[in-house]
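Asker: Dropping a structure here in structure tokens format, bear with me for questions.
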Amino acid sequence: MARSRHTDSPYFPARLQAKVREAMTMRSLLIEAPSGYGKTTLTQNLLRKRLPGGTAWVRHLGAEETPRAAWRRFCQCLQNIDGRAGKALLALGPPDGDSAGEAADLLREMPCSRPSWLVLDDFQHIAALAPASVWKAFLEHDSPLLRLAIVTRPLAASLMAYEKAGYFRLGVDDLRLTEPESRECAARAGVALSWEEAEKLYRLTEGWMIALSLHLRHWRQNGNFAPASGLDGLIRDVIWNGLDDSGRDLLLRLSPFDRFSSAQANFFLEQGGRPLPAGATAALRRNALLRFDSASGLYYPHSALLEFTRARFAELPESEQRTRLYAAGDWGADHGGREAAAALYYRLGDFEKILALDLGGMKDNRLLDKPDLAYAEALRDIAAHCTKGMKVRHPLSCLRLAFELFGQGCRGEFAALCSEMAGLVETEAPEGERDYLRGELLLLEAFGHYNNIAEMGERMRRASELTGGKTALARPDNSWTFGNVSVLFMYHRDAGRLDGEIADMKRYCPHYVGMTGGHGGGGAELMEAEALLCRGDAGGAEILGHKARREAAPRGQASVLLGVEFLFGRLAVMRGNAAAFAAALENLALIAEEHPQKSNRFAADLARSFLASLVHRPDDMADWLRGDDPGSLARRLFVPALPFAELCRARHALLTEKPERLLGESEAALSLAAALHCPLATIYGLIHRAAARGGRGEGEAARDSLRRALDLALPDRLFLPFAENRALIGEPMEALLPEMDSECAASILALAEQVEAGRRALAGASPAKRKFGLTRREDETVRLMAEGFTYGEIARQLYISLNTVKTHLKTAYQKTGTSSRPILKKILR
């Protein structure tokens with residue numbers, strides 16, 4: 001057996017080195033191959049070592065973890081490139097169909113201030129967090145100083161279906177060694193092979209790097225190739241059989257984790273009855289199938305080793321499996337991994353262990369977050385398996401569970417758990433804790449009385465007294481309006497009692513705001529402002545709107561701030577103030593950008609869409625509101641926001657001359673409004689039906705719907721809904737004016753004239769728009785550009801993406817026959 005000098009440095013054939021040199025000149029690199037082809041070794045030991053001095057190296061290692069945890073780690077890594085983009089993506093959450101465009105824009109346009117390589121290793125673990133379009137946008141990033149490398153196993157959706165300028169792809173054929181290269185690799189590993197032995201090695205491995213490495217390791221230890229050829233057998237022959245009992249036991253105990261620390265390894269060895277031997281850390285780092293990440297101090301087992309050890313774990317007796325899973329869960333519970341611990345305890349069916357966790361301290365405010373587990377279903381399962389004894393021992397966790405059930409719409413389970421907990425608190429809770437638990441129960445009970453302000457408020461007042469003014473349930477960063485954009489729409493419940501409801505809101509809201517650390521701050525002022533607006537008092541509404549903003553802003557109440565901008569947008573329409581209207585739209589976009597939770601983004605969409613409908617611009621309404629599937633609303637929104645969304649959808653149908661669709665959907669919308677005790681939704685719904693009936697020549701039916709709406713609205717002097725829709729209603733409205741109280745009729749007419757005059761003022765077209773055939777959006781875009789706004793400012797003001805801004809400008813250049821910005825500005829004068 002011939003031997004040559006052994007080197008530990010990885011082997012890279014000359015042809016692969018040449019490809020890497022070419023790849024380093026490209027904007028983005030995709031390395032895609034199955035496990036064991038040396039992808040990570042290539043980036044760490046060839047690509048990284050060839051970087052010019054001063055180049056930053058930022059590496060993210062994907063791992064098996066909950067979707068929210070995975071997205072959080074990814075966004076935290078991006079903050080090393082650009083803090084603002086990373087934080088915005090973190091707040092956005094894992095992108096879905098509604099937020100994918102925004103996420104794609106953030107990644108494509110992410111700035112980079114210094115030469116940097118961003119490596120997304122084991123990307124397959126995070127690929128499913130966003131649609132493929134988002135990742136493709138990232139590959140097409142605009143930053144000249146950033147180089148992106150995606151290192152992944154084969155993906156279901158191709159990210160680079162064809163070669164493009166600026167992109168480079170390395171695949172299996174590039175990474176697989178040829179027979180001569182396999183012989184050269186063996187020589188560098190200290191094994192000089194004859195031609196026959198090299199040929200045999202190539203037959204056994206076919207150039208697959210992990211198999212080749214394991215066979216060469218076996219040769220150095222035993223003087224021959226391993227008897228097994230499959231990867232599972234190779235790992236058994238070369239790795240597993242070379243470990244003693246404690247080494248095997250350690251790997252089995254660590255197999256539930258896809259990464260671990262030295263402290264974890266020591267913990268699980270002690271579980272097995274042995275301490276971590278001296279020098280074991282260095283030995284771990286030398287293991288070819290364990291990658292050490294110096295930035296995090298964690299070991300990442302190679303996927304092949306992980307699959308092997310998990311298969312061995314599954315062969316253990318069930319009792320031994322459970323013992324090891326409990327140990328893994330306990331480690332997570334004691335070392336900041338409560339989400340992982342909850343998932344392991346749920347797998348074990350140990351519901352008391354779940355309740356014993358500090359549920360209030362969970363990241364992302366969720367008990368369980370697993371891709372294969374429906375959250376509401378898991379909550380129901382936990383609630384169903386909680387025994388009386390568990391509830392007595394963990395009362396606050398059970399109340400937290402009830403709160404989560406309420407948020408997921410599990411009203412039956414919520415009510416049942418609250419009822420049982422109320423009895424147990426009185427009979428079983430320690431005297432010193434009883435008042436606090438009573439207070440938390442009262443707060444939960446208050447939520448069950450939505451939207452009765454008096455019933456909710458009295459319970460909240462008592463809850464604040466009993467808890468000492470502090471709750472562990474509600475979080476101030478959640479949407480106080482449940483994704484709605486109008487407080488008046490939500491909390492006006494009984495026709496003829498609006499003034500009393502406003503008084504109740506002003507009386508009780510401070511108790512809730514105080515005990516939740518600011519949740520809902522400014523909401524009472526906004527509700528009163530909206531009532532004044534609906535009664536025609538624009539000045540009073542504006543004053544209270546500013547007061548609401550002042551209360552909400554320091555408390556971070558994005559949902560209330562969105563409502564304030566919605567109010568100001570409606571005021572701008574009444575006054576025909578184009579600048580104020582544009583400012584309201586821009587502020588809606590900014591608030592949604594700064595607080596991009598789904599509920600806030602949808603609330604901004606609702607506000608923007610309603611405002612667009614007021615100025616008869618149906619094309620500017622959100623796509624998801626005007627599609628053919630009315631069921632899409634319920635999939636996106638909390639129930640309290642649905643009536644307002646139905647209202648926007650109906651307005652789009654009217655403006656696009658689809659009265660049949662409106663009439664076909666209106667019965668369900670009106671039933672929902674009645675079930676939720678939402679008279680404003682009923683008023684608007686009946687007005688829209690009247691407009692649709694009138695448009696079809698059904699005058700008497702239109703007038704009947706309008707009379708019903710007036711009966712609900714006039715006792716509270718709610719004139720604005722009729723004024724906003726006078727142009728759409730037409731003849732039926734004019735026919736009923738003589739029947740009304742003269743003061744009410746005059747108020748509606750005066751408001752209607754204001755709204756119509758304002759709408760005409762905002763809808764004026766520019767000469768350039770008429771001359772060159774620019775669309776309204778193109779005209780708005782180029783005019784803002786001419787005024788000196790940046791692309792980003794234009795995008796926020798018009799509520800469109802940066803790419804859309806660029807598209808509008810490109811089209812405007814083509815239509816005007818110029819490619820010069822100064823000339824385009826002259827044309828617009």
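Note on naming: chains are A, B, ... as they come in the structure tokens, residues start from 1 per chain, ligands start from 1 in the order shown.
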If you count only C-alpha atoms, which residues fall within 9 Å of Leu204 (chain A), apart from same-chain ones fewer than 3 positions away, as a PDB file with all heavy atoms, in the first residue's frame?
Answerer:
```pdb
ATOM      1  N   GLU A 199      -9.577   3.458 -10.030  1.00  0.00           N
ATOM      2  CA  GLU A 199     -10.761   3.121 -10.819  1.00  0.00           C
ATOM      3  C   GLU A 199     -11.854   2.542  -9.906  1.00  0.00           C
ATOM      4  O   GLU A 199     -13.038   2.868 -10.037  1.00  0.00           O
ATOM      5  CB  GLU A 199     -10.398   2.122 -11.911  1.00  0.00           C
ATOM      6  CG  GLU A 199     -11.564   1.772 -12.813  1.00  0.00           C
ATOM      7  CD  GLU A 199     -11.176   0.768 -13.891  1.00  0.00           C
ATOM      8  OE1 GLU A 199      -9.961   0.521 -14.071  1.00  0.00           O
ATOM      9  OE2 GLU A 199     -12.090   0.230 -14.530  1.00  0.00           O
ATOM     10  N   LYS A 200     -11.427   1.673  -8.948  1.00  0.00           N
ATOM     11  CA  LYS A 200     -12.394   1.105  -8.011  1.00  0.00           C
ATOM     12  C   LYS A 200     -13.016   2.193  -7.135  1.00  0.00           C
ATOM     13  O   LYS A 200     -14.221   2.204  -6.890  1.00  0.00           O
ATOM     14  CB  LYS A 200     -11.725   0.053  -7.135  1.00  0.00           C
ATOM     15  CG  LYS A 200     -12.695  -0.594  -6.135  1.00  0.00           C
ATOM     16  CD  LYS A 200     -12.009  -1.670  -5.299  1.00  0.00           C
ATOM     17  CE  LYS A 200     -13.006  -2.296  -4.328  1.00  0.00           C
ATOM     18  NZ  LYS A 200     -12.374  -3.324  -3.467  1.00  0.00           N
ATOM     19  N   LEU A 201     -12.163   3.136  -6.672  1.00  0.00           N
ATOM     20  CA  LEU A 201     -12.674   4.227  -5.849  1.00  0.00           C
ATOM     21  C   LEU A 201     -13.721   5.032  -6.621  1.00  0.00           C
ATOM     22  O   LEU A 201     -14.764   5.408  -6.064  1.00  0.00           O
ATOM     23  CB  LEU A 201     -11.518   5.134  -5.417  1.00  0.00           C
ATOM     24  CG  LEU A 201     -11.906   6.384  -4.606  1.00  0.00           C
ATOM     25  CD1 LEU A 201     -12.538   5.989  -3.276  1.00  0.00           C
ATOM     26  CD2 LEU A 201     -10.688   7.272  -4.377  1.00  0.00           C
ATOM     27  N   GLY A 207     -17.461  10.045  -7.930  1.00  0.00           N
ATOM     28  CA  GLY A 207     -17.063  11.434  -7.745  1.00  0.00           C
ATOM     29  C   GLY A 207     -17.814  12.178  -6.669  1.00  0.00           C
ATOM     30  O   GLY A 207     -17.685  13.401  -6.535  1.00  0.00           O
ATOM     31  N   ALA A 211     -18.815  10.491  -0.075  1.00  0.00           N
ATOM     32  CA  ALA A 211     -18.487   9.063  -0.132  1.00  0.00           C
ATOM     33  C   ALA A 211     -16.987   8.877  -0.327  1.00  0.00           C
ATOM     34  O   ALA A 211     -16.356   8.004   0.297  1.00  0.00           O
ATOM     35  CB  ALA A 211     -19.261   8.404  -1.269  1.00  0.00           C
ATOM     36  N   LEU A 212     -16.403   9.696  -1.189  1.00  0.00           N
ATOM     37  CA  LEU A 212     -14.967   9.598  -1.433  1.00  0.00           C
ATOM     38  C   LEU A 212     -14.188   9.869  -0.139  1.00  0.00           C
ATOM     39  O   LEU A 212     -13.252   9.145   0.202  1.00  0.00           O
ATOM     40  CB  LEU A 212     -14.594  10.612  -2.529  1.00  0.00           C
ATOM     41  CG  LEU A 212     -13.190  10.522  -3.113  1.00  0.00           C
ATOM     42  CD1 LEU A 212     -13.219  10.859  -4.602  1.00  0.00           C
ATOM     43  CD2 LEU A 212     -12.254  11.478  -2.404  1.00  0.00           C
ATOM     44  N   HIS A 215     -14.513   6.850   2.274  1.00  0.00           N
ATOM     45  CA  HIS A 215     -13.705   5.710   1.817  1.00  0.00           C
ATOM     46  C   HIS A 215     -12.218   5.961   2.072  1.00  0.00           C
ATOM     47  O   HIS A 215     -11.492   5.049   2.501  1.00  0.00           O
ATOM     48  CB  HIS A 215     -13.945   5.448   0.333  1.00  0.00           C
ATOM     49  CG  HIS A 215     -15.118   4.559   0.071  1.00  0.00           C
ATOM     50  ND1 HIS A 215     -15.144   3.231   0.459  1.00  0.00           N
ATOM     51  CD2 HIS A 215     -16.302   4.799  -0.549  1.00  0.00           C
ATOM     52  CE1 HIS A 215     -16.306   2.691   0.093  1.00  0.00           C
ATOM     53  NE2 HIS A 215     -17.027   3.630  -0.537  1.00  0.00           N
ATOM     54  N   SER A 229     -21.127   0.536   0.332  1.00  0.00           N
ATOM     55  CA  SER A 229     -21.065   1.551  -0.721  1.00  0.00           C
ATOM     56  C   SER A 229     -22.112   2.644  -0.504  1.00  0.00           C
ATOM     57  O   SER A 229     -21.887   3.802  -0.837  1.00  0.00           O
ATOM     58  CB  SER A 229     -21.270   0.912  -2.093  1.00  0.00           C
ATOM     59  OG  SER A 229     -22.499   0.204  -2.129  1.00  0.00           O
ATOM     60  N   GLY A 230     -23.266   2.288   0.048  1.00  0.00           N
ATOM     61  CA  GLY A 230     -24.284   3.292   0.319  1.00  0.00           C
ATOM     62  C   GLY A 230     -23.861   4.209   1.448  1.00  0.00           C
ATOM     63  O   GLY A 230     -23.038   3.848   2.304  1.00  0.00           O
TER      64      GLY A 230
END
```
Asker: Could you give me, as a ChimeraX atom specification, the residues within 9 Å of Ser599 (chain A), counting only C-alpha atoms and dropping anything in the same chain fewer than 4 positions from it?
Answerer: /A:478-479,481-484,559,603-604,636-638
Asker: Since we have the selection now, will you write its residues out, keeping all heavy atoms, as a short mmCIF file (atom, residue, chain, number, x, y, z; two decimals), in the first residue's frame?
Answerer:
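The new file again.cif reads:
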```
data_model
loop_
_atom_site.label_atom_id
_atom_site.label_comp_id
_atom_site.auth_asym_id
_atom_site.auth_seq_id
_atom_site.Cartn_x
_atom_site.Cartn_y
_atom_site.Cartn_z
N ASN A 478 -50.01 44.62 19.45
CA ASN A 478 -51.06 44.01 18.64
C ASN A 478 -52.01 45.08 18.12
O ASN A 478 -52.12 46.16 18.69
CB ASN A 478 -51.84 42.97 19.44
CG ASN A 478 -51.05 41.70 19.67
OD1 ASN A 478 -50.08 41.44 18.96
ND2 ASN A 478 -51.44 40.92 20.65
N SER A 479 -52.74 44.77 17.04
CA SER A 479 -53.67 45.74 16.47
C SER A 479 -54.88 45.92 17.38
O SER A 479 -55.65 44.98 17.60
CB SER A 479 -54.13 45.28 15.08
OG SER A 479 -55.14 46.13 14.59
N THR A 481 -57.46 47.67 16.73
CA THR A 481 -58.68 47.69 15.91
C THR A 481 -58.92 46.37 15.18
O THR A 481 -59.80 46.30 14.33
CB THR A 481 -58.59 48.81 14.87
OG1 THR A 481 -57.49 48.53 13.98
CG2 THR A 481 -58.41 50.17 15.52
N PHE A 482 -58.14 45.33 15.48
CA PHE A 482 -58.27 44.03 14.80
C PHE A 482 -58.14 44.18 13.28
O PHE A 482 -58.75 43.43 12.52
CB PHE A 482 -59.61 43.37 15.13
CG PHE A 482 -59.80 43.02 16.56
CD1 PHE A 482 -60.52 43.88 17.40
CD2 PHE A 482 -59.26 41.88 17.11
CE1 PHE A 482 -60.70 43.58 18.74
CE2 PHE A 482 -59.43 41.58 18.45
CZ PHE A 482 -60.15 42.43 19.27
N GLY A 483 -57.34 45.15 12.83
CA GLY A 483 -57.15 45.34 11.40
C GLY A 483 -58.19 46.22 10.75
O GLY A 483 -58.17 46.39 9.52
N ASN A 484 -59.12 46.79 11.54
CA ASN A 484 -60.07 47.74 10.98
C ASN A 484 -59.42 49.10 10.90
O ASN A 484 -58.38 49.34 11.50
CB ASN A 484 -61.32 47.80 11.87
CG ASN A 484 -62.57 48.14 11.08
OD1 ASN A 484 -62.53 48.96 10.18
ND2 ASN A 484 -63.68 47.51 11.43
N SER A 559 -52.43 50.98 14.65
CA SER A 559 -53.80 50.84 14.14
C SER A 559 -54.60 52.13 14.34
O SER A 559 -55.41 52.51 13.49
CB SER A 559 -54.50 49.66 14.82
OG SER A 559 -54.61 49.86 16.21
N ALA A 603 -55.18 47.01 7.06
CA ALA A 603 -55.91 48.22 7.45
C ALA A 603 -55.54 49.38 6.53
O ALA A 603 -56.41 50.16 6.11
CB ALA A 603 -55.61 48.58 8.90
N ALA A 604 -54.25 49.51 6.21
CA ALA A 604 -53.83 50.57 5.28
C ALA A 604 -54.47 50.36 3.91
O ALA A 604 -54.88 51.32 3.24
CB ALA A 604 -52.31 50.58 5.17
N ARG A 636 -58.01 36.62 5.14
CA ARG A 636 -57.01 37.64 5.41
C ARG A 636 -57.26 38.40 6.71
O ARG A 636 -56.31 38.84 7.36
CB ARG A 636 -56.95 38.65 4.27
CG ARG A 636 -56.31 38.13 2.99
CD ARG A 636 -56.43 39.17 1.88
NE ARG A 636 -55.56 38.85 0.75
CZ ARG A 636 -55.88 38.03 -0.23
NH1 ARG A 636 -57.06 37.45 -0.22
NH2 ARG A 636 -55.03 37.78 -1.21
N LEU A 637 -58.50 38.60 7.05
CA LEU A 637 -58.85 39.58 8.08
C LEU A 637 -59.42 38.94 9.33
O LEU A 637 -60.04 37.87 9.28
CB LEU A 637 -59.87 40.57 7.52
CG LEU A 637 -59.47 41.34 6.26
CD1 LEU A 637 -60.65 42.13 5.72
CD2 LEU A 637 -58.30 42.25 6.54
N PHE A 638 -59.24 39.63 10.46
CA PHE A 638 -59.98 39.28 11.67
C PHE A 638 -61.46 39.62 11.43
O PHE A 638 -61.80 40.54 10.67
CB PHE A 638 -59.46 40.07 12.87
CG PHE A 638 -58.08 39.67 13.31
CD1 PHE A 638 -57.02 40.57 13.21
CD2 PHE A 638 -57.85 38.42 13.83
CE1 PHE A 638 -55.75 40.22 13.63
CE2 PHE A 638 -56.57 38.04 14.25
CZ PHE A 638 -55.53 38.94 14.15
#
```
Asker: From region 209-398 of chain A, collect each residue whose DSSP state is helix (DSSP H, G or I) and return the set as number ranges by chain.
Answerer: A: 209-222, 231-238, 240-242, 245-254, 262-271, 280-286, 303-314, 318-334, 338-348, 351-356, 359-361, 363-365, 375-385, 388-393, 395-398
Asker: Calculated over only C-alpha atoms, which of the candidates A:Leu193, A:Leu606, A:Ala128, A:Leu532 has the smallest distance to Trp624 (chain A)?
Answerer: A:Leu606
Asker: Using only C-alpha atoms, which of the listed residues (A:Pro10, A:Asp494, A:Ala454, A:Ala341) sits closest to Arg507 (chain A)?
Answerer: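 Answer, going by the shortest atom-to-atom distance: A:Ala454.
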Asker: To one decimal in Å, tell me the separation between CA of Arg459 (chain A) and CA of Leu443 (chain A).
Answerer: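 Going from CA of Arg459 (chain A) over to CA of Leu443 (chain A) covers 6.4 Å.
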Asker: Using only C-alpha atoms, which residues sit within 12 Å of region 179-187 of chain A once same-chain residues fewer than 2 positions away are excluded, as a ChimeraX atom specification?
Answerer: /A:2-16,175-177,189-220,225
Asker: What is the distance between CA of Val151 (chain A) and CA of Arg253 (chain A), in Å to one decimal?
Answerer: 28.2 Å
Asker: Name all residues at most 8 Å from Arg535 (chain A) (count only C-alpha atoms; drop same-chain ones fewer than 5 positions away) and give them as JSON, numbers by chain.
Answerer: {"A": [717, 718, 719, 720]}
Asker: May I ask which of the residues A:Arg380, A:Lys39, A:His141, A:His335 is the closest one to Gln264 (chain A), counting only C-alpha atoms?
Answerer: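 Nearest to Gln264 (chain A): A:His335.
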Asker: Just the residues within 6 Å of region 515-522 of chain A, please, counting only C-alpha atoms, with nothing from its chain fewer than 4 positions along; format it as a PyMOL selection string.
Answerer: chain A and resi 464+469-471+476+480+548+551-552+555
Asker: Next, dump the selected residues to file, keeping only N, CA, C and O atoms, as a PDB file, in the first residue's frame.
Answerer:
```
ATOM      1  N   SER A 464     -58.749  46.159  35.928  1.00  0.00           N
ATOM      2  CA  SER A 464     -57.612  47.020  36.238  1.00  0.00           C
ATOM      3  C   SER A 464     -57.417  47.145  37.744  1.00  0.00           C
ATOM      4  O   SER A 464     -56.288  47.106  38.240  1.00  0.00           O
ATOM      5  N   GLY A 469     -53.567  47.223  37.887  1.00  0.00           N
ATOM      6  CA  GLY A 469     -53.310  48.046  36.703  1.00  0.00           C
ATOM      7  C   GLY A 469     -52.331  47.460  35.717  1.00  0.00           C
ATOM      8  O   GLY A 469     -51.766  48.174  34.890  1.00  0.00           O
ATOM      9  N   LYS A 470     -52.136  46.111  35.731  1.00  0.00           N
ATOM     10  CA  LYS A 470     -51.185  45.503  34.783  1.00  0.00           C
ATOM     11  C   LYS A 470     -51.643  44.096  34.428  1.00  0.00           C
ATOM     12  O   LYS A 470     -51.876  43.271  35.308  1.00  0.00           O
ATOM     13  N   THR A 471     -51.765  43.841  33.128  1.00  0.00           N
ATOM     14  CA  THR A 471     -52.178  42.521  32.655  1.00  0.00           C
ATOM     15  C   THR A 471     -51.022  41.798  31.983  1.00  0.00           C
ATOM     16  O   THR A 471     -50.130  42.430  31.417  1.00  0.00           O
ATOM     17  N   PRO A 476     -49.236  45.480  23.791  1.00  0.00           N
ATOM     18  CA  PRO A 476     -49.501  46.786  23.187  1.00  0.00           C
ATOM     19  C   PRO A 476     -49.165  46.867  21.710  1.00  0.00           C
ATOM     20  O   PRO A 476     -49.625  47.782  21.026  1.00  0.00           O
ATOM     21  N   TRP A 480     -55.041  47.126  17.914  1.00  0.00           N
ATOM     22  CA  TRP A 480     -56.189  47.400  18.788  1.00  0.00           C
ATOM     23  C   TRP A 480     -57.496  47.348  18.005  1.00  0.00           C
ATOM     24  O   TRP A 480     -58.544  47.000  18.549  1.00  0.00           O
ATOM     25  N   ALA A 548     -55.971  62.547  18.827  1.00  0.00           N
ATOM     26  CA  ALA A 548     -55.832  61.085  18.774  1.00  0.00           C
ATOM     27  C   ALA A 548     -54.421  60.696  18.345  1.00  0.00           C
ATOM     28  O   ALA A 548     -53.814  59.775  18.902  1.00  0.00           O
ATOM     29  N   GLU A 551     -52.000  61.077  21.182  1.00  0.00           N
ATOM     30  CA  GLU A 551     -52.127  60.021  22.184  1.00  0.00           C
ATOM     31  C   GLU A 551     -51.551  58.699  21.677  1.00  0.00           C
ATOM     32  O   GLU A 551     -50.957  57.933  22.441  1.00  0.00           O
ATOM     33  N   ALA A 552     -51.737  58.427  20.393  1.00  0.00           N
ATOM     34  CA  ALA A 552     -51.355  57.115  19.848  1.00  0.00           C
ATOM     35  C   ALA A 552     -49.880  57.009  19.508  1.00  0.00           C
ATOM     36  O   ALA A 552     -49.259  55.955  19.704  1.00  0.00           O
ATOM     37  N   ARG A 555     -47.193  55.848  22.039  1.00  0.00           N
ATOM     38  CA  ARG A 555     -47.469  54.485  22.499  1.00  0.00           C
ATOM     39  C   ARG A 555     -47.319  53.448  21.386  1.00  0.00           C
ATOM     40  O   ARG A 555     -47.566  52.266  21.611  1.00  0.00           O
TER      41      ARG A 555
END
```
Asker: Could you go through region 109-262 of chain A and tell me which residues DSSP, when run on the backbone, assigns to strand (DSSP E), listing them as a list in words?
Answerer: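 Put together, the selection reads Ser116, Trp117, Leu118, Val119, Leu120, Asp121, Leu146, Arg147, Leu148, Ala149, Ile150, Val151, Thr152, Tyr167, Phe168, Arg169, Leu170, Ala189, Gly190 and Val191 of chain A.
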Asker: Just C-alpha atoms for this one: save the residues we selected as a CSV table (one decimal), in the first residue's frame.
Answerer:
```csv
chain,number,residue,atom,x,y,z
A,116,SER,CA,-19.7,42.2,1.2
A,117,TRP,CA,-20.5,38.6,0.4
A,118,LEU,CA,-23.7,37.3,1.9
A,119,VAL,CA,-23.8,33.5,2.0
A,120,LEU,CA,-27.1,31.7,2.6
A,121,ASP,CA,-26.0,28.2,3.4
A,146,LEU,CA,-23.1,43.1,-2.5
A,147,ARG,CA,-22.4,39.6,-3.8
A,148,LEU,CA,-25.0,36.9,-2.9
A,149,ALA,CA,-24.3,33.2,-2.7
A,150,ILE,CA,-27.2,30.8,-2.2
A,151,VAL,CA,-26.0,27.3,-1.2
A,152,THR,CA,-28.7,24.7,-1.2
A,167,TYR,CA,-25.6,35.3,-12.3
A,168,PHE,CA,-23.6,32.1,-12.0
A,169,ARG,CA,-24.8,28.6,-11.2
A,170,LEU,CA,-22.8,25.6,-9.9
A,189,ALA,CA,-5.3,12.9,1.5
A,190,GLY,CA,-2.2,10.8,1.9
A,191,VAL,CA,-3.4,7.8,-0.1
```
Asker: Given only C-alpha atoms as the basis, pick out the residue of A:Ala589, A:Leu89, A:Ala63, A:Ala524 nearest to Leu306 (chain A).
Answerer: A:Ala63
